[in-house]
$ cat target-v1.cif   # mmCIF, C-alpha atoms
data_work
#
loop_
_atom_site.label_atom_id
_atom_site.label_comp_id
_atom_site.auth_asym_id
_atom_site.auth_seq_id
_atom_site.Cartn_x
_atom_site.Cartn_y
_atom_site.Cartn_z
CA MET A 294 89.54 110.54 103.71
CA ILE A 295 88.47 106.94 103.13
CA LYS A 296 90.39 104.42 105.20
CA LEU A 297 90.97 100.92 103.84
CA TYR A 298 91.96 98.30 106.41
CA GLU A 299 93.85 95.69 104.46
CA ILE A 300 96.81 93.43 103.92
CA ALA A 301 99.04 93.64 100.87
CA LEU A 302 98.82 90.05 99.64
CA SER A 303 95.07 89.52 99.98
CA GLY A 304 93.19 89.17 96.71
CA ASN A 305 90.06 90.42 98.45
CA CYS A 306 91.87 93.63 99.35
CA HIS A 307 93.26 93.87 95.83
CA LYS A 308 89.70 93.99 94.45
CA VAL A 309 89.01 97.12 96.45
CA ARG A 310 92.36 98.76 95.65
CA MET A 311 91.68 98.24 91.94
CA LEU A 312 88.28 99.92 92.13
CA LEU A 313 89.56 102.83 94.23
CA SER A 314 92.30 103.33 91.64
CA MET A 315 89.94 103.07 88.67
CA LEU A 316 87.54 105.56 90.25
CA GLY A 317 90.42 107.88 91.16
CA ILE A 318 89.46 107.97 94.83
CA PRO A 319 92.29 108.83 97.24
CA TYR A 320 92.42 106.74 100.39
CA GLU A 321 94.54 105.93 103.38
CA SER A 322 95.75 102.35 103.62
CA VAL A 323 95.78 100.92 107.14
CA ALA A 324 97.81 97.71 107.29
CA VAL A 325 96.29 95.08 109.59
CA ASN A 326 98.94 92.84 111.14
CA LEU A 327 97.39 89.38 111.11
CA ALA A 328 100.50 87.76 112.59
CA ALA A 329 100.14 90.04 115.61
CA GLY A 330 96.44 89.22 115.86
CA GLU A 331 95.27 92.76 115.13
CA HIS A 332 92.28 91.38 113.21
CA LEU A 333 91.00 89.83 116.45
CA GLU A 334 91.24 92.98 118.57
CA PRO A 335 87.99 94.64 119.66
CA ASP A 336 88.65 97.84 117.70
CA PHE A 337 88.94 95.91 114.46
CA LEU A 338 86.08 93.51 115.20
CA ALA A 339 83.85 96.54 115.67
CA LEU A 340 84.52 97.35 112.00
CA SER A 341 84.57 93.79 110.71
CA PRO A 342 82.83 91.28 113.01
CA PHE A 343 84.24 88.27 111.15
CA GLY A 344 87.74 89.61 111.74
CA GLU A 345 88.44 89.75 108.03
CA VAL A 346 90.07 92.22 105.72
CA PRO A 347 89.23 94.35 103.86
CA ALA A 348 87.09 96.77 105.82
CA LEU A 349 86.41 100.33 104.72
CA VAL A 350 85.55 103.46 106.67
CA ASP A 351 84.16 106.47 104.82
CA GLY A 352 83.14 109.15 107.30
CA ASP A 353 80.48 107.54 109.47
CA VAL A 354 79.96 104.65 107.05
CA VAL A 355 81.64 101.33 107.85
CA VAL A 356 81.57 98.52 105.29
CA ARG A 357 82.90 94.99 105.80
CA ASP A 358 83.37 92.34 103.07
CA SER A 359 85.03 92.94 99.71
CA ASN A 360 81.85 92.39 97.68
CA ALA A 361 79.96 94.89 99.82
CA ILE A 362 82.76 97.43 99.54
CA LEU A 363 82.72 97.11 95.75
CA VAL A 364 78.94 97.67 95.75
CA TYR A 365 79.29 100.66 98.07
CA LEU A 366 82.03 102.40 96.10
CA ALA A 367 80.43 101.69 92.71
CA SER A 368 77.01 102.81 93.91
CA ARG A 369 78.13 105.89 95.80
CA TYR A 370 80.97 107.15 93.61
CA GLY A 371 80.73 105.37 90.27
CA GLY A 372 77.37 106.34 88.83
CA GLU A 373 75.50 104.44 86.15
CA GLN A 374 78.67 103.29 84.42
CA TRP A 375 79.82 101.40 87.48
CA TRP A 376 76.52 100.54 89.12
CA PRO A 377 73.87 100.13 86.41
CA GLN A 378 70.31 100.65 87.64
CA ALA A 379 68.73 97.96 85.43
CA PRO A 380 67.58 95.08 87.67
CA VAL A 381 68.84 92.49 85.19
CA LEU A 382 72.35 93.96 85.28
CA GLN A 383 72.41 94.29 89.06
CA ALA A 384 71.30 90.65 89.23
CA ARG A 385 74.02 89.52 86.82
CA ILE A 386 76.59 91.33 88.93
CA ALA A 387 75.13 89.80 92.11
CA SER A 388 75.40 86.29 90.66
CA TRP A 389 79.14 86.72 90.11
CA LEU A 390 79.59 88.29 93.55
CA SER A 391 78.08 85.07 94.91
CA THR A 392 80.52 83.05 92.81
CA ALA A 393 83.36 85.11 94.28
CA ALA A 394 82.15 84.49 97.85
CA ASN A 395 81.44 80.81 97.29
CA GLU A 396 83.20 78.92 94.48
CA ILE A 397 86.20 81.22 94.07
CA ALA A 398 86.75 81.21 97.85
CA ALA A 399 86.35 77.42 98.08
CA GLY A 400 88.38 76.75 94.90
CA PRO A 401 91.38 78.80 93.75
CA ASN A 402 91.57 80.99 96.86
CA SER A 403 91.55 77.95 99.11
CA LEU A 404 94.26 76.23 97.01
CA ARG A 405 96.42 79.34 97.24
CA LEU A 406 96.00 79.47 101.03
CA HIS A 407 97.14 75.85 101.13
CA HIS A 408 100.09 75.89 98.77
CA LYS A 409 101.37 79.39 99.54
CA TRP A 410 100.60 79.71 103.25
CA GLY A 411 100.21 76.12 104.46
CA ARG A 412 96.57 76.22 105.51
CA GLU A 413 95.05 72.74 105.86
CA ILE A 414 92.20 72.21 103.41
CA ASP A 415 90.47 69.41 101.52
CA VAL A 416 92.70 69.67 98.45
CA VAL A 417 90.72 67.24 96.29
CA ARG A 418 87.47 69.13 96.83
CA ALA A 419 89.13 72.52 96.28
CA GLU A 420 90.68 71.30 93.01
CA LYS A 421 87.30 70.03 91.86
CA VAL A 422 85.54 73.31 92.66
CA SER A 423 88.35 75.25 91.03
CA ALA A 424 88.30 73.22 87.81
CA LYS A 425 84.51 73.50 87.48
CA THR A 426 84.56 77.24 88.12
CA LEU A 427 87.34 77.89 85.60
CA ARG A 428 85.47 75.84 83.01
CA ILE A 429 82.35 77.95 83.51
CA LEU A 430 84.37 81.16 83.38
CA ASP A 431 85.94 80.01 80.13
CA ALA A 432 82.51 79.39 78.66
CA GLN A 433 81.18 82.79 79.76
CA LEU A 434 84.28 84.63 78.54
CA SER A 435 84.07 82.89 75.19
CA ASN A 436 80.65 84.48 74.74
CA SER A 437 81.34 87.99 75.99
CA GLN A 438 84.26 90.28 76.74
CA TRP A 439 83.33 90.72 80.38
CA LEU A 440 81.43 88.59 82.89
CA ILE A 441 78.06 90.36 82.58
CA GLY A 442 78.32 90.98 78.84
CA ASP A 443 79.92 93.80 76.88
CA ARG A 444 80.41 96.10 79.85
CA PHE A 445 83.11 95.90 82.48
CA SER A 446 81.74 95.81 86.03
CA ILE A 447 82.59 95.09 89.64
CA ALA A 448 81.74 91.46 88.84
CA ASP A 449 85.04 91.27 86.94
CA LEU A 450 86.92 92.89 89.83
CA ALA A 451 85.37 90.45 92.31
CA ILE A 452 86.38 87.37 90.33
CA TYR A 453 89.73 88.51 88.96
CA PRO A 454 92.32 88.39 91.77
CA TYR A 455 92.04 84.76 92.85
CA VAL A 456 91.77 83.61 89.24
CA ALA A 457 94.85 85.57 88.23
CA LEU A 458 96.60 84.27 91.37
CA ALA A 459 95.49 80.66 90.75
CA PRO A 460 98.99 79.54 89.70
CA GLU A 461 100.10 80.25 93.30
CA GLY A 462 97.68 77.46 94.21
CA ARG A 463 99.23 75.20 91.54
CA VAL A 464 96.41 75.74 89.08
CA ASP A 465 97.76 76.01 85.55
CA LEU A 466 95.90 78.61 83.49
CA ALA A 467 97.73 77.83 80.21
CA SER A 468 94.81 75.93 78.70
CA HIS A 469 92.24 78.55 79.74
CA LYS A 470 92.51 80.84 76.73
CA PRO A 471 89.32 82.86 77.33
CA ILE A 472 90.36 83.53 80.93
CA LEU A 473 93.84 84.58 79.82
CA ARG A 474 92.34 86.96 77.25
CA TRP A 475 90.08 88.45 79.97
CA ILE A 476 92.99 88.86 82.40
CA ALA A 477 94.97 90.70 79.74
CA ASP A 478 92.00 92.94 78.92
CA LEU A 479 91.47 93.77 82.59
CA ARG A 480 95.13 94.58 83.12
CA GLY A 481 94.93 96.98 80.21
CA LEU A 482 92.11 99.07 81.67
CA PRO A 483 92.77 102.69 82.68
CA GLY A 484 93.57 102.87 86.38
CA TYR A 485 94.43 99.19 86.72
CA ALA A 486 96.48 98.67 89.86
CA GLY A 487 98.68 95.61 90.17
CA MET A 488 99.43 93.57 93.23
CA PRO A 489 102.78 92.79 94.86
CA GLY A 490 103.96 89.49 93.40
CA MET A 491 100.96 89.03 91.15
CA TRP A 492 101.40 86.66 88.25
CA SER A 493 101.47 88.48 84.94
CA MET B 223 54.57 84.07 84.04
CA ILE B 224 57.79 83.78 86.02
CA LYS B 225 59.22 80.27 86.15
CA LEU B 226 61.19 79.14 89.18
CA TYR B 227 63.36 76.06 88.70
CA GLU B 228 63.72 74.58 92.14
CA ILE B 229 63.61 71.68 94.56
CA ALA B 230 61.30 71.60 97.58
CA LEU B 231 63.84 70.99 100.33
CA SER B 232 66.51 73.49 99.26
CA GLY B 233 66.94 76.45 101.59
CA ASN B 234 68.27 78.46 98.66
CA CYS B 235 65.02 77.87 96.80
CA HIS B 236 63.05 78.69 99.94
CA LYS B 237 64.62 82.16 100.01
CA VAL B 238 63.16 82.90 96.60
CA ARG B 239 59.76 81.38 97.35
CA MET B 240 59.50 83.57 100.45
CA LEU B 241 60.23 86.75 98.49
CA LEU B 242 57.84 85.85 95.67
CA SER B 243 55.16 85.24 98.28
CA MET B 244 55.88 88.45 100.19
CA LEU B 245 55.80 90.46 96.96
CA GLY B 246 52.61 88.71 95.85
CA ILE B 247 54.12 87.61 92.55
CA PRO B 248 52.49 84.56 90.93
CA TYR B 249 54.92 82.06 89.46
CA GLU B 250 55.16 78.60 88.03
CA SER B 251 57.29 76.14 89.98
CA VAL B 252 59.35 73.77 87.84
CA ALA B 253 60.69 70.88 89.92
CA VAL B 254 64.23 69.86 88.95
CA ASN B 255 64.86 66.17 89.56
CA LEU B 256 68.40 66.02 90.91
CA ALA B 257 68.27 62.24 91.39
CA ALA B 258 67.56 61.88 87.67
CA GLY B 259 70.39 64.30 86.84
CA GLU B 260 68.14 66.93 85.32
CA HIS B 261 70.39 69.66 86.75
CA LEU B 262 73.21 68.41 84.52
CA GLU B 263 71.25 68.38 81.27
CA PRO B 264 72.17 70.98 78.64
CA ASP B 265 68.77 72.70 78.79
CA PHE B 266 69.17 73.38 82.50
CA LEU B 267 72.88 74.24 82.30
CA ALA B 268 71.96 76.91 79.76
CA LEU B 269 69.92 78.58 82.53
CA SER B 270 72.28 77.80 85.40
CA PRO B 271 75.84 76.97 84.32
CA PHE B 272 76.83 75.66 87.76
CA GLY B 273 73.94 73.18 87.56
CA GLU B 274 72.41 74.60 90.72
CA VAL B 275 68.91 75.47 91.81
CA PRO B 276 67.25 77.91 92.02
CA ALA B 277 67.17 79.50 88.60
CA LEU B 278 64.52 81.98 87.51
CA VAL B 279 63.16 82.87 84.08
CA ASP B 280 61.14 86.07 83.68
CA GLY B 281 60.35 86.62 80.01
CA ASP B 282 63.72 86.94 78.32
CA VAL B 283 65.57 87.44 81.61
CA VAL B 284 67.37 84.44 83.10
CA VAL B 285 68.86 84.69 86.58
CA ARG B 286 70.95 82.04 88.33
CA ASP B 287 71.93 82.01 92.03
CA SER B 288 69.59 82.67 94.94
CA ASN B 289 71.27 85.94 95.99
CA ALA B 290 71.03 87.29 92.45
CA ILE B 291 67.39 86.26 92.17
CA LEU B 292 66.61 88.10 95.41
CA VAL B 293 68.35 91.22 94.07
CA TYR B 294 66.50 90.94 90.75
CA LEU B 295 63.04 90.51 92.25
CA ALA B 296 63.55 93.18 94.92
CA SER B 297 65.00 95.63 92.43
CA ARG B 298 62.51 95.02 89.63
CA TYR B 299 59.28 94.43 91.57
CA GLY B 300 59.87 95.61 95.14
CA GLY B 301 60.65 99.32 94.86
CA GLU B 302 62.45 101.36 97.50
CA GLN B 303 61.02 99.36 100.38
CA TRP B 304 62.67 96.17 99.17
CA TRP B 305 65.68 97.56 97.34
CA PRO B 306 66.76 100.79 99.01
CA GLN B 307 68.77 103.11 96.77
CA ALA B 308 71.12 104.41 99.48
CA PRO B 309 74.62 103.02 98.79
CA VAL B 310 75.20 102.29 102.47
CA LEU B 311 72.06 100.13 102.66
CA GLN B 312 72.84 98.29 99.41
CA ALA B 313 76.32 97.64 100.81
CA ARG B 314 74.95 96.33 104.11
CA ILE B 315 72.67 93.99 102.19
CA ALA B 316 75.58 92.91 99.97
CA SER B 317 77.72 92.06 103.00
CA TRP B 318 75.06 89.63 104.29
CA LEU B 319 74.57 88.16 100.81
CA SER B 320 78.29 87.37 100.90
CA THR B 321 77.85 85.76 104.32
CA ALA B 322 75.05 83.65 102.88
CA ALA B 323 77.21 82.53 99.95
CA ASN B 324 80.29 81.92 102.06
CA GLU B 325 79.94 81.25 105.81
CA ILE B 326 76.33 80.05 105.82
CA ALA B 327 77.08 77.71 102.91
CA ALA B 328 80.29 76.41 104.52
CA GLY B 329 78.75 76.20 108.01
CA PRO B 330 75.11 75.28 108.75
CA ASN B 331 74.21 74.42 105.16
CA SER B 332 77.19 72.10 104.86
CA LEU B 333 76.36 70.40 108.20
CA ARG B 334 72.77 69.85 107.05
CA LEU B 335 73.99 68.31 103.78
CA HIS B 336 76.15 65.97 105.83
CA HIS B 337 73.74 64.90 108.57
CA LYS B 338 70.53 64.91 106.52
CA TRP B 339 71.78 63.73 103.13
CA GLY B 340 75.11 62.05 103.86
CA ARG B 341 77.40 64.34 101.93
CA GLU B 342 81.05 63.98 102.97
CA ILE B 343 82.41 67.18 104.45
CA ASP B 344 85.03 68.38 106.92
CA VAL B 345 82.69 68.33 109.93
CA VAL B 346 85.10 69.99 112.34
CA ARG B 347 85.66 72.95 110.03
CA ALA B 348 81.95 73.28 109.25
CA GLU B 349 81.08 73.27 112.96
CA LYS B 350 83.69 75.94 113.60
CA VAL B 351 82.40 78.18 110.78
CA SER B 352 78.83 77.61 111.93
CA ALA B 353 79.52 78.50 115.56
CA LYS B 354 81.40 81.66 114.62
CA THR B 355 78.68 82.77 112.23
CA LEU B 356 75.87 82.17 114.72
CA ARG B 357 77.79 84.12 117.36
CA ILE B 358 78.11 87.08 114.99
CA LEU B 359 74.44 86.85 114.04
CA ASP B 360 73.50 86.84 117.73
CA ALA B 361 75.55 89.98 118.27
CA GLN B 362 74.01 91.78 115.28
CA LEU B 363 70.47 90.74 116.19
CA SER B 364 70.98 91.92 119.77
CA ASN B 365 71.61 95.39 118.37
CA SER B 366 68.87 95.59 115.75
CA GLN B 367 65.64 93.86 114.81
CA TRP B 368 66.87 92.90 111.36
CA LEU B 369 70.29 92.28 109.86
CA ILE B 370 70.79 95.69 108.26
CA GLY B 371 69.10 97.63 111.08
CA ASP B 372 65.47 98.51 111.69
CA ARG B 373 64.25 97.53 108.24
CA PHE B 374 63.60 94.05 106.95
CA SER B 375 65.45 93.26 103.73
CA ILE B 376 66.52 90.49 101.39
CA ALA B 377 69.57 90.12 103.65
CA ASP B 378 67.28 88.48 106.21
CA LEU B 379 65.76 86.22 103.57
CA ALA B 380 69.23 85.20 102.33
CA ILE B 381 70.46 84.22 105.79
CA TYR B 382 67.27 82.79 107.28
CA PRO B 383 66.66 79.32 105.78
CA TYR B 384 69.90 77.56 106.65
CA VAL B 385 69.94 79.15 110.10
CA ALA B 386 66.37 78.05 110.80
CA LEU B 387 67.26 74.62 109.39
CA ALA B 388 70.49 74.37 111.41
CA PRO B 389 69.03 71.76 113.81
CA GLU B 390 68.86 69.38 110.83
CA GLY B 391 72.66 69.70 110.82
CA ARG B 392 72.77 68.95 114.57
CA VAL B 393 73.28 72.59 115.52
CA ASP B 394 71.30 73.45 118.64
CA LEU B 395 69.80 76.92 118.50
CA ALA B 396 68.40 76.90 122.06
CA SER B 397 71.13 79.14 123.45
CA HIS B 398 70.88 81.62 120.55
CA LYS B 399 68.13 83.83 121.92
CA PRO B 400 68.58 86.77 119.52
CA ILE B 401 68.49 84.41 116.52
CA LEU B 402 65.35 82.70 117.87
CA ARG B 403 63.69 86.10 118.33
CA TRP B 404 64.59 87.04 114.74
CA ILE B 405 63.30 83.72 113.36
CA ALA B 406 59.98 84.28 115.15
CA ASP B 407 59.75 87.86 113.85
CA LEU B 408 60.44 86.72 110.30
CA ARG B 409 57.87 83.95 110.45
CA GLY B 410 55.31 86.54 111.56
CA LEU B 411 55.76 88.77 108.52
CA PRO B 412 52.87 89.17 106.05
CA GLY B 413 53.31 86.76 103.17
CA TYR B 414 55.75 84.48 104.99
CA ALA B 415 55.84 81.12 103.28
CA GLY B 416 57.00 78.05 105.17
CA MET B 417 59.00 75.13 103.93
CA PRO B 418 58.15 71.44 103.94
CA GLY B 419 59.59 69.97 107.12
CA MET B 420 61.04 73.25 108.35
CA TRP B 421 61.79 73.45 112.03
CA SER B 422 59.37 75.74 113.82
#
$ encode --input "target-v1.cif" --output "structure tokens"
Amino acid sequence: MIKLYEIALSGNCHKVRMLLSMLGIPYESVAVNLAAGEHLEPDFLALSPFGEVPALVDGDVVVRDSNAILVYLASRYGGEQWWPQAPVLQARIASWLSTAANEIAAGPNSLRLHHKWGREIDVVRAEKVSAKTLRILDAQLSNSQWLIGDRFSIADLAIYPYVALAPEGRVDLASHKPILRWIADLRGLPGYAGMPGMWS
Amino acid sequence: MIKLYEIALSGNCHKVRMLLSMLGIPYESVAVNLAAGEHLEPDFLALSPFGEVPALVDGDVVVRDSNAILVYLASRYGGEQWWPQAPVLQARIASWLSTAANEIAAGPNSLRLHHKWGREIDVVRAEKVSAKTLRILDAQLSNSQWLIGDRFSIADLAIYPYVALAPEGRVDLASHKPILRWIADLRGLPGYAGMPGMWS
């Protein structure tokens, strides 16, 4: 059975839990105790060299990084619906995976780490990145139901958690109507799995 | 003909130029004048909403983000050699694309922006991210010739420029023997295209 190494309150782990749920794939959750330093132990670093959750083990396949795990599961278990073969669609998905790894990490995720968990960050820069990213998401989601157009994809799953959790980083979503519409649509999808304490 | 909107000294643009050269694809380079604010004009923002280079136009297909452009070109023009269909290989590539968008951007790229162009950053954090990332790259490249194993891929192209350019951010690569071996191997590949002023 697939093993998912994770922590409950990580948005990156939530992305993977949502996809596993939507694809109906059973898995074993292995909680990694960050406070006890389990993410820095050799056994875990062998799975995830950056010492980050989530990591996934599927037989002899080991995948680190939430974006990569989404690609793996969609490609291996999802078929054309989840991992379209058209280069233009794979590229559109890849562009939003980059946004998840870069701007979403440096913006709303970083603000949440600061305000919820006390991590020291450059708040002014994070707020600037966050505001710009939300503005661009609003524009995209005014033009289409989902991030890559009229089809739901792992791009939406990659962007969703830290946007939906943005209020925990003191980012008010009230004025972001297209984003709020998209969040509601995503939460209404078959197999949607919530997150402990997630804003709704 | 493909149009690449770019600037000469961007490592992100260099990634795309290398792949176009390796695939033997002719293209038209369109220089974007950042100093004149061309990246913030509506025509360019329509191609690249974040106002970032590179952006690529191929007929009616528009792709923003260097990772996404690599995926698009490899998938559309490269065939199995450049875009392997096996989910585990696509996932391995995706994990390094995330590293390019996250740790490489926040580490060596950020240090180069600071020391070469004067951008204000958190130097201590960037040096920490850079050192950790280079250590993990060394470990990976001690175990395999290329980042995803024994086959060269767009993962190498995505990671390469800002690592090779790290000395411009005052990061000394002399002690990173596996990385230096990998840089030399990459520069020896057929179709390799250099960069103006790139360390060699």
$ closest_residue --input "target-v1.cif" --among "A:Asp336, A:Asp449, A:Glu331, A:Glu299" --to "Ile386 of chain A" --atoms "all atoms listed in the file"
A:Asp449
$ atom_distance --input "target-v1.cif" --atom1 "atom CA of Ala277 of chain B" --atom2 "atom CA of Met417 of chain B"
17.9 Å
$ residues_around --input "target-v1.cif" --residues "Trp305 of chain B" --least-positions-apart "4" --cutoff "8 Å" --atoms "all atoms listed in the file" --output "PyMOL selection string"
chain B and resi 293+296-297+300-301+312+375
$ closest_atom_pairs --input "target-v1.cif" --of "chain B" --to "chain A" --cutoff "6 Å" --atoms "all atoms listed in the file" --output "tab-separated table"
residue	atom	partner	partner_atom	distance
B:Asp287	CA	A:Ser388	CA	5.7
B:Ala290	CA	A:Ala384	CA	4.7
B:Val293	CA	A:Ala384	CA	5.7
B:Tyr294	CA	A:Ala384	CA	5.0
B:Ser297	CA	A:Pro380	CA	5.4
B:Arg298	CA	A:Pro380	CA	5.4
B:Pro309	CA	A:Tyr365	CA	5.3
B:Ala313	CA	A:Ala361	CA	4.7
B:Ala316	CA	A:Ala361	CA	4.8
B:Ser317	CA	A:Ala361	CA	4.8
B:Ser320	CA	A:Ala394	CA	5.7
B:Ala323	CA	A:Asn395	CA	5.3
B:Asn324	CA	A:Asn395	CA	5.0
$ atom_distance --input "target-v1.cif" --atom1 "atom CA of Asp465 of chain A" --atom2 "atom CA of Trp410 of chain A"
18.3 Å
$ resolve_selection --input "target-v1.cif" --expression "the PyMOL selection byres ((chain B and resi 226) around 12)" --output "JSON, numbers by chain"
{"B": [223, 224, 225, 227, 228, 229, 230, 234, 235, 236, 237, 238, 239, 242, 247, 248, 249, 250, 251, 252, 253, 254, 266, 269, 270, 275, 276, 277, 278, 279, 280, 281, 284, 285, 286, 287, 288, 291, 295]}
$ resolve_selection --input "target-v1.cif" --expression "the PyMOL selection byres ((chain B and resi 244) around 7)" --output "ChimeraX atom specification"
/B:240-243,245-246,412-414
$ atom_distance --input "target-v1.cif" --atom1 "atom CA of Val456 of chain A" --atom2 "atom CA of Asn326 of chain A"
24.8 Å
$ resolve_selection --input "target-v1.cif" --expression "the PyMOL selection byres ((chain A and resi 409) around 12)" --output "PyMOL selection string"
chain A and resi 302-303+401-408+410-413+458-463
$ closest_residue --input "target-v1.cif" --among "B:Leu262, B:Gln367, B:Tyr382, B:Leu256" --to "Gly416 of chain B" --atoms "all atoms listed in the file"
B:Tyr382
$ residues_near_point --input "target-v1.cif" --point "(77.3, 74.2, 114.5)" --cutoff "7 Å" --atoms "all atoms listed in the file" --output "PyMOL selection string"
chain B and resi 329-330+349-350+352-353+392-393
$ build_atoms --input "target-v1.cif" --residues "segment 294-314 of chain B" --atoms "N, CA and C atoms" --output "PDB file, in the coordinates of the input"
ATOM      1  N   TYR B 294      67.317  90.661  91.950  1.00  0.00           N
ATOM      2  CA  TYR B 294      66.500  90.940  90.750  1.00  0.00           C
ATOM      3  C   TYR B 294      65.046  91.228  91.114  1.00  0.00           C
ATOM      4  N   LEU B 295      64.458  90.350  91.909  1.00  0.00           N
ATOM      5  CA  LEU B 295      63.040  90.510  92.250  1.00  0.00           C
ATOM      6  C   LEU B 295      62.813  91.767  93.093  1.00  0.00           C
ATOM      7  N   ALA B 296      63.696  91.994  94.068  1.00  0.00           N
ATOM      8  CA  ALA B 296      63.550  93.180  94.920  1.00  0.00           C
ATOM      9  C   ALA B 296      63.712  94.449  94.105  1.00  0.00           C
ATOM     10  N   SER B 297      64.690  94.446  93.225  1.00  0.00           N
ATOM     11  CA  SER B 297      65.000  95.630  92.430  1.00  0.00           C
ATOM     12  C   SER B 297      63.924  95.892  91.378  1.00  0.00           C
ATOM     13  N   ARG B 298      63.466  94.834  90.725  1.00  0.00           N
ATOM     14  CA  ARG B 298      62.510  95.020  89.630  1.00  0.00           C
ATOM     15  C   ARG B 298      61.078  95.191  90.120  1.00  0.00           C
ATOM     16  N   TYR B 299      60.694  94.454  91.161  1.00  0.00           N
ATOM     17  CA  TYR B 299      59.280  94.430  91.570  1.00  0.00           C
ATOM     18  C   TYR B 299      59.036  95.026  92.951  1.00  0.00           C
ATOM     19  N   GLY B 300      60.087  95.242  93.740  1.00  0.00           N
ATOM     20  CA  GLY B 300      59.870  95.610  95.140  1.00  0.00           C
ATOM     21  C   GLY B 300      59.881  97.102  95.428  1.00  0.00           C
ATOM     22  N   GLY B 301      60.565  97.887  94.588  1.00  0.00           N
ATOM     23  CA  GLY B 301      60.650  99.320  94.860  1.00  0.00           C
ATOM     24  C   GLY B 301      61.549  99.610  96.057  1.00  0.00           C
ATOM     25  N   GLU B 302      61.540 100.866  96.461  1.00  0.00           N
ATOM     26  CA  GLU B 302      62.450 101.360  97.500  1.00  0.00           C
ATOM     27  C   GLU B 302      62.361 100.561  98.797  1.00  0.00           C
ATOM     28  N   GLN B 303      61.164 100.110  99.125  1.00  0.00           N
ATOM     29  CA  GLN B 303      61.020  99.360 100.380  1.00  0.00           C
ATOM     30  C   GLN B 303      61.889  98.101 100.385  1.00  0.00           C
ATOM     31  N   TRP B 304      61.948  97.444  99.237  1.00  0.00           N
ATOM     32  CA  TRP B 304      62.670  96.170  99.170  1.00  0.00           C
ATOM     33  C   TRP B 304      64.092  96.316  98.643  1.00  0.00           C
ATOM     34  N   TRP B 305      64.343  97.371  97.892  1.00  0.00           N
ATOM     35  CA  TRP B 305      65.680  97.560  97.340  1.00  0.00           C
ATOM     36  C   TRP B 305      66.063  99.034  97.500  1.00  0.00           C
ATOM     37  N   PRO B 306      66.474  99.386  98.722  1.00  0.00           N
ATOM     38  CA  PRO B 306      66.760 100.790  99.010  1.00  0.00           C
ATOM     39  C   PRO B 306      67.897 101.309  98.135  1.00  0.00           C
ATOM     40  N   GLN B 307      67.778 102.548  97.693  1.00  0.00           N
ATOM     41  CA  GLN B 307      68.770 103.110  96.770  1.00  0.00           C
ATOM     42  C   GLN B 307      70.025 103.607  97.477  1.00  0.00           C
ATOM     43  N   ALA B 308      69.950 103.861  98.772  1.00  0.00           N
ATOM     44  CA  ALA B 308      71.120 104.410  99.480  1.00  0.00           C
ATOM     45  C   ALA B 308      72.296 103.429  99.395  1.00  0.00           C
ATOM     46  N   PRO B 309      73.459 103.905  98.913  1.00  0.00           N
ATOM     47  CA  PRO B 309      74.620 103.020  98.790  1.00  0.00           C
ATOM     48  C   PRO B 309      74.958 102.286 100.082  1.00  0.00           C
ATOM     49  N   VAL B 310      74.817 102.952 101.223  1.00  0.00           N
ATOM     50  CA  VAL B 310      75.200 102.290 102.470  1.00  0.00           C
ATOM     51  C   VAL B 310      74.262 101.114 102.768  1.00  0.00           C
ATOM     52  N   LEU B 311      72.990 101.243 102.418  1.00  0.00           N
ATOM     53  CA  LEU B 311      72.060 100.130 102.660  1.00  0.00           C
ATOM     54  C   LEU B 311      72.287  99.006 101.652  1.00  0.00           C
ATOM     55  N   GLN B 312      72.533  99.343 100.391  1.00  0.00           N
ATOM     56  CA  GLN B 312      72.840  98.290  99.410  1.00  0.00           C
ATOM     57  C   GLN B 312      74.112  97.548  99.824  1.00  0.00           C
ATOM     58  N   ALA B 313      75.069  98.284 100.377  1.00  0.00           N
ATOM     59  CA  ALA B 313      76.320  97.640 100.810  1.00  0.00           C
ATOM     60  C   ALA B 313      76.075  96.732 102.008  1.00  0.00           C
ATOM     61  N   ARG B 314      75.251  97.195 102.953  1.00  0.00           N
ATOM     62  CA  ARG B 314      74.950  96.330 104.110  1.00  0.00           C
ATOM     63  C   ARG B 314      74.264  95.050 103.651  1.00  0.00           C
TER      64      ARG B 314
END
